[in-house]
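S.K.: Below is the structure I would like to discuss, written out as structure tokens.
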Amino acid sequence: MQTGGFQQNPLMRLTLFWTLLFAGGLWVTNAAMYFSRMSLTPSSVQAYYLGDAAEYSQPRSAASLLEVSHAHLATMGVMILLLTHLVIFAPWDDRVKKALIAAGFGSAFLGEACGWLVRFVSPQFAALKVVCFLTFQATLAVLIWGLGSFLYMAARETKKRRRYAPEDAD
């Protein structure tokens, strides 16, 4: 990607397109799963992790948190690694790239830790859980949109070059 090799290789562009499509699916399902359990209020996060007598829900057990963390840490870590690795090759300012890397990994890890913190340390971490969720979703959106735009522009540039390239003389 750094030397523009993906621009000449339609299979590389196809692979990157499908990767971004799957990442978009992760973005949508992540939000759907979050909102199926909680809202953007700290009280809903507290009710989810600490239980709610009015809803007859029990507090999350350490075993259930461990199961979720096990899956989330691997999935989110690999997805953020993949997207931030690709963004390294985009023609963006290094400060933007560093911010996206830090926001992606930081919000994913801290967001996962917040469930444990709300449940076993203090309900006050619920507000941080909401902030981490919003930061993670926003970072994913920027990465997916940005990389998609980069891919689209590269494909257009390749078509333009082919259209205006001199014909090979036989």
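Just remember, in the structure tokens the first chain shown is A, the second B, etc., residues are 1-based per chain, and ligands are 1-based in the order shown.
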Near Gly24 of chain A, within 12 Å and counting only C-alpha atoms, which residues show up once chain neighbours fewer than 2 positions away are dropped, as a list in words?

M.R.: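 Selected residues are Phe17, Trp18, Thr19, Leu20, Leu21, Phe22, Leu26, Trp27, Val28, Thr29, Asn30, Ala31, Met79, Leu83, Gln137, Ala138, Thr139, Leu140, Ala141, Val142, Leu143, Ile144, Trp145, Leu147 and Gly148 of chain A.
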
S.K.: Could you write out that same residue set with C-alpha atoms as a CSV table (one decimal), in the first residue's frame?

M.R.:
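File written: selection-v8.csv
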```csv
chain,number,residue,atom,x,y,z
A,17,PHE,CA,-13.1,-3.5,0.0
A,18,TRP,CA,-14.3,-6.7,1.7
A,19,THR,CA,-12.2,-6.1,4.7
A,20,LEU,CA,-13.8,-2.6,5.1
A,21,LEU,CA,-17.3,-4.1,4.5
A,22,PHE,CA,-16.7,-6.6,7.4
A,26,LEU,CA,-18.6,-5.0,13.2
A,27,TRP,CA,-19.3,-1.3,13.7
A,28,VAL,CA,-23.1,-1.8,13.2
A,29,THR,CA,-23.3,-5.0,15.3
A,30,ASN,CA,-21.2,-3.5,18.0
A,31,ALA,CA,-23.7,-0.6,18.3
A,79,MET,CA,-9.8,-5.3,14.1
A,83,LEU,CA,-7.5,-0.8,10.4
A,137,GLN,CA,-17.5,3.8,17.5
A,138,ALA,CA,-16.3,7.2,16.3
A,139,THR,CA,-12.8,6.0,15.8
A,140,LEU,CA,-14.0,2.9,13.9
A,141,ALA,CA,-16.2,5.1,11.7
A,142,VAL,CA,-13.3,7.5,10.8
A,143,LEU,CA,-11.0,4.5,10.1
A,144,ILE,CA,-13.6,2.7,7.9
A,145,TRP,CA,-14.7,5.9,6.1
A,147,LEU,CA,-9.8,4.0,4.3
A,148,GLY,CA,-12.8,3.5,2.1
```

S.K.: What are the nearest atom pairs, with distances in Å to one decimal, for all residues of segment 13-105 of chain A that come at most 7 Å from segment 117-122 of chain A, using only C-alpha atoms, set out by chain and rising residue number as JSON lines?

M.R.:
```
{"residue": "A:Gln46", "atom": "CA", "partner": "A:Val118", "partner_atom": "CA", "distance": 6.8}
{"residue": "A:Tyr49", "atom": "CA", "partner": "A:Arg119", "partner_atom": "CA", "distance": 5.5}
{"residue": "A:Leu50", "atom": "CA", "partner": "A:Arg119", "partner_atom": "CA", "distance": 5.8}
```

S.K.: Of the residues A:Arg13, A:Ala99, A:Trp116, A:Met38, which is the one nearest to Arg60 of chain A, using only C-alpha atoms?

M.R.: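 Smallest separation from Arg60 of chain A among the options: A:Trp116.
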
S.K.: Excluding Ala108 of chain A and residues on its chain fewer than 3 positions from it, collect all residues at most 9 Å away from it, counting only C-alpha atoms, and give them as a PDB file with all heavy atoms, in the first residue's frame.

M.R.:
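Okay, around14.pdb is ready:
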```
ATOM      1  N   HIS A  72     -13.991 -10.154  23.260  1.00  0.00           N
ATOM      2  CA  HIS A  72     -13.835  -8.762  22.845  1.00  0.00           C
ATOM      3  C   HIS A  72     -12.380  -8.342  22.694  1.00  0.00           C
ATOM      4  O   HIS A  72     -12.042  -7.632  21.738  1.00  0.00           O
ATOM      5  CB  HIS A  72     -14.514  -7.827  23.847  1.00  0.00           C
ATOM      6  CG  HIS A  72     -15.990  -7.757  23.692  1.00  0.00           C
ATOM      7  ND1 HIS A  72     -16.772  -6.936  24.453  1.00  0.00           N
ATOM      8  CD2 HIS A  72     -16.848  -8.408  22.865  1.00  0.00           C
ATOM      9  CE1 HIS A  72     -18.028  -7.077  24.100  1.00  0.00           C
ATOM     10  NE2 HIS A  72     -18.098  -7.973  23.146  1.00  0.00           N
ATOM     11  N   LEU A  73     -11.536  -8.739  23.618  1.00  0.00           N
ATOM     12  CA  LEU A  73     -10.135  -8.319  23.542  1.00  0.00           C
ATOM     13  C   LEU A  73      -9.475  -8.822  22.265  1.00  0.00           C
ATOM     14  O   LEU A  73      -8.734  -8.091  21.609  1.00  0.00           O
ATOM     15  CB  LEU A  73      -9.369  -8.775  24.789  1.00  0.00           C
ATOM     16  CG  LEU A  73      -9.744  -8.045  26.080  1.00  0.00           C
ATOM     17  CD1 LEU A  73      -9.050  -8.682  27.274  1.00  0.00           C
ATOM     18  CD2 LEU A  73      -9.424  -6.565  25.996  1.00  0.00           C
ATOM     19  N   MET A  76     -11.594  -7.068  19.030  1.00  0.00           N
ATOM     20  CA  MET A  76     -11.347  -5.630  18.886  1.00  0.00           C
ATOM     21  C   MET A  76      -9.866  -5.349  18.649  1.00  0.00           C
ATOM     22  O   MET A  76      -9.527  -4.476  17.844  1.00  0.00           O
ATOM     23  CB  MET A  76     -11.847  -4.890  20.113  1.00  0.00           C
ATOM     24  CG  MET A  76     -13.357  -4.832  20.197  1.00  0.00           C
ATOM     25  SD  MET A  76     -13.825  -3.660  21.446  1.00  0.00           S
ATOM     26  CE  MET A  76     -15.053  -4.554  22.329  1.00  0.00           C
ATOM     27  N   GLY A  77      -9.007  -6.083  19.330  1.00  0.00           N
ATOM     28  CA  GLY A  77      -7.578  -5.887  19.137  1.00  0.00           C
ATOM     29  C   GLY A  77      -7.151  -6.145  17.707  1.00  0.00           C
ATOM     30  O   GLY A  77      -6.423  -5.350  17.107  1.00  0.00           O
ATOM     31  N   ILE A  80      -8.749  -3.400  15.307  1.00  0.00           N
ATOM     32  CA  ILE A  80      -8.055  -2.116  15.407  1.00  0.00           C
ATOM     33  C   ILE A  80      -6.644  -2.237  14.821  1.00  0.00           C
ATOM     34  O   ILE A  80      -6.169  -1.326  14.131  1.00  0.00           O
ATOM     35  CB  ILE A  80      -8.017  -1.613  16.866  1.00  0.00           C
ATOM     36  CG1 ILE A  80      -9.428  -1.264  17.330  1.00  0.00           C
ATOM     37  CG2 ILE A  80      -7.111  -0.397  17.019  1.00  0.00           C
ATOM     38  CD1 ILE A  80     -10.065  -0.122  16.589  1.00  0.00           C
ATOM     39  N   ALA A 103      -6.663   6.354  20.075  1.00  0.00           N
ATOM     40  CA  ALA A 103      -8.098   6.342  20.368  1.00  0.00           C
ATOM     41  C   ALA A 103      -8.691   4.951  20.152  1.00  0.00           C
ATOM     42  O   ALA A 103      -9.518   4.490  20.949  1.00  0.00           O
ATOM     43  CB  ALA A 103      -8.829   7.363  19.494  1.00  0.00           C
ATOM     44  N   GLY A 104      -8.276   4.290  19.094  1.00  0.00           N
ATOM     45  CA  GLY A 104      -8.807   2.954  18.806  1.00  0.00           C
ATOM     46  C   GLY A 104      -8.454   1.941  19.886  1.00  0.00           C
ATOM     47  O   GLY A 104      -9.334   1.322  20.479  1.00  0.00           O
ATOM     48  N   PHE A 105      -7.164   1.791  20.120  1.00  0.00           N
ATOM     49  CA  PHE A 105      -6.732   0.812  21.121  1.00  0.00           C
ATOM     50  C   PHE A 105      -7.142   1.232  22.530  1.00  0.00           C
ATOM     51  O   PHE A 105      -7.600   0.412  23.327  1.00  0.00           O
ATOM     52  CB  PHE A 105      -5.216   0.586  21.056  1.00  0.00           C
ATOM     53  CG  PHE A 105      -4.791  -0.278  19.909  1.00  0.00           C
ATOM     54  CD1 PHE A 105      -4.149   0.264  18.809  1.00  0.00           C
ATOM     55  CD2 PHE A 105      -5.019  -1.646  19.925  1.00  0.00           C
ATOM     56  CE1 PHE A 105      -3.747  -0.538  17.751  1.00  0.00           C
ATOM     57  CE2 PHE A 105      -4.622  -2.459  18.869  1.00  0.00           C
ATOM     58  CZ  PHE A 105      -3.984  -1.899  17.776  1.00  0.00           C
ATOM     59  N   GLY A 111     -12.724   0.621  27.501  1.00  0.00           N
ATOM     60  CA  GLY A 111     -14.158   0.300  27.486  1.00  0.00           C
ATOM     61  C   GLY A 111     -14.425  -1.088  28.024  1.00  0.00           C
ATOM     62  O   GLY A 111     -15.395  -1.315  28.763  1.00  0.00           O
ATOM     63  N   GLU A 112     -13.571  -2.023  27.667  1.00  0.00           N
ATOM     64  CA  GLU A 112     -13.712  -3.387  28.181  1.00  0.00           C
ATOM     65  C   GLU A 112     -13.432  -3.421  29.680  1.00  0.00           C
ATOM     66  O   GLU A 112     -14.135  -4.078  30.442  1.00  0.00           O
ATOM     67  CB  GLU A 112     -12.763  -4.334  27.436  1.00  0.00           C
ATOM     68  CG  GLU A 112     -13.074  -5.782  27.612  1.00  0.00           C
ATOM     69  CD  GLU A 112     -14.475  -6.158  27.170  1.00  0.00           C
ATOM     70  OE1 GLU A 112     -14.966  -5.645  26.151  1.00  0.00           O
ATOM     71  OE2 GLU A 112     -15.106  -6.978  27.868  1.00  0.00           O
ATOM     72  N   ALA A 113     -12.412  -2.701  30.101  1.00  0.00           N
ATOM     73  CA  ALA A 113     -12.078  -2.660  31.529  1.00  0.00           C
ATOM     74  C   ALA A 113     -13.195  -2.009  32.350  1.00  0.00           C
ATOM     75  O   ALA A 113     -13.419  -2.382  33.509  1.00  0.00           O
ATOM     76  CB  ALA A 113     -10.773  -1.888  31.728  1.00  0.00           C
ATOM     77  N   CYS A 132     -16.114   5.733  26.412  1.00  0.00           N
ATOM     78  CA  CYS A 132     -15.272   4.781  25.668  1.00  0.00           C
ATOM     79  C   CYS A 132     -16.035   4.172  24.499  1.00  0.00           C
ATOM     80  O   CYS A 132     -15.476   4.009  23.401  1.00  0.00           O
ATOM     81  CB  CYS A 132     -14.761   3.684  26.596  1.00  0.00           C
ATOM     82  SG  CYS A 132     -13.491   4.251  27.724  1.00  0.00           S
ATOM     83  N   PHE A 133     -17.295   3.826  24.710  1.00  0.00           N
ATOM     84  CA  PHE A 133     -18.103   3.266  23.624  1.00  0.00           C
ATOM     85  C   PHE A 133     -18.216   4.277  22.481  1.00  0.00           C
ATOM     86  O   PHE A 133     -17.997   3.931  21.314  1.00  0.00           O
ATOM     87  CB  PHE A 133     -19.496   2.873  24.128  1.00  0.00           C
ATOM     88  CG  PHE A 133     -20.455   2.578  23.013  1.00  0.00           C
ATOM     89  CD1 PHE A 133     -20.360   1.397  22.295  1.00  0.00           C
ATOM     90  CD2 PHE A 133     -21.438   3.494  22.662  1.00  0.00           C
ATOM     91  CE1 PHE A 133     -21.227   1.138  21.235  1.00  0.00           C
ATOM     92  CE2 PHE A 133     -22.302   3.237  21.619  1.00  0.00           C
ATOM     93  CZ  PHE A 133     -22.206   2.060  20.902  1.00  0.00           C
ATOM     94  N   THR A 135     -16.293   6.847  21.803  1.00  0.00           N
ATOM     95  CA  THR A 135     -14.974   7.075  21.207  1.00  0.00           C
ATOM     96  C   THR A 135     -14.593   5.923  20.283  1.00  0.00           C
ATOM     97  O   THR A 135     -14.091   6.143  19.172  1.00  0.00           O
ATOM     98  CB  THR A 135     -13.905   7.256  22.311  1.00  0.00           C
ATOM     99  OG1 THR A 135     -14.289   8.355  23.140  1.00  0.00           O
ATOM    100  CG2 THR A 135     -12.526   7.503  21.717  1.00  0.00           C
ATOM    101  N   PHE A 136     -14.831   4.695  20.733  1.00  0.00           N
ATOM    102  CA  PHE A 136     -14.508   3.528  19.914  1.00  0.00           C
ATOM    103  C   PHE A 136     -15.317   3.536  18.620  1.00  0.00           C
ATOM    104  O   PHE A 136     -14.767   3.342  17.530  1.00  0.00           O
ATOM    105  CB  PHE A 136     -14.764   2.237  20.703  1.00  0.00           C
ATOM    106  CG  PHE A 136     -14.365   0.998  19.961  1.00  0.00           C
ATOM    107  CD1 PHE A 136     -13.032   0.690  19.752  1.00  0.00           C
ATOM    108  CD2 PHE A 136     -15.333   0.135  19.464  1.00  0.00           C
ATOM    109  CE1 PHE A 136     -12.665  -0.459  19.049  1.00  0.00           C
ATOM    110  CE2 PHE A 136     -14.973  -1.008  18.769  1.00  0.00           C
ATOM    111  CZ  PHE A 136     -13.633  -1.306  18.560  1.00  0.00           C
TER     112      PHE A 136
END
```

S.K.: Figure out the distance between atom CA of Gly25 of chain A and atom CA of Ser44 of chain A, please, to one decimal in Å.

M.R.: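 Atom CA of Gly25 of chain A lies at a distance of 24.7 Å from atom CA of Ser44 of chain A.
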
S.K.: Could you check the closest approach to Ser69 of chain A for each of A:Tyr152, A:Phe109, A:Phe125, A:Tyr48 and tell me which residue wins, using only C-alpha atoms?

M.R.: A:Phe109

S.K.: Hey, what's within 8 Å of Ala126 of chain A if we count only C-alpha atoms and toss same-chain stuff fewer than 5 positions away? As a list in words, please?

M.R.: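 Surrounding residues, per the criterion: Pro42, Ser43, Val45, Gln46, Cys114, Gly115 and Val118 of chain A.
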
S.K.: Store the residues picked out above in a file with C-alpha atoms, as a PDB file, in the first residue's frame.

M.R.:
```
ATOM      1  CA  PRO A  42     -24.554   5.920  33.120  1.00  0.00           C
ATOM      2  CA  SER A  43     -27.587   4.609  35.038  1.00  0.00           C
ATOM      3  CA  VAL A  45     -24.719   0.916  32.331  1.00  0.00           C
ATOM      4  CA  GLN A  46     -24.899   0.534  36.107  1.00  0.00           C
ATOM      5  CA  CYS A 114     -14.957  -0.355  32.496  1.00  0.00           C
ATOM      6  CA  GLY A 115     -17.397  -3.262  32.726  1.00  0.00           C
ATOM      7  CA  VAL A 118     -18.361  -0.741  37.286  1.00  0.00           C
TER       8      VAL A 118
END
```

S.K.: I need the alpha helix (DSSP H) residues of chain A per DSSP on the backbone, written as a PyMOL selection string.

M.R.: chain A and resi 5-8+10-37+42-50+62-87+94-120+126-164

S.K.: Go through A:Leu66, A:Thr41, A:Gln58, A:Thr75 and flag the residue nearest Gln124 of chain A, using only C-alpha atoms for the distances.

M.R.: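 Closest to Gln124 of chain A of all the choices is A:Thr41.
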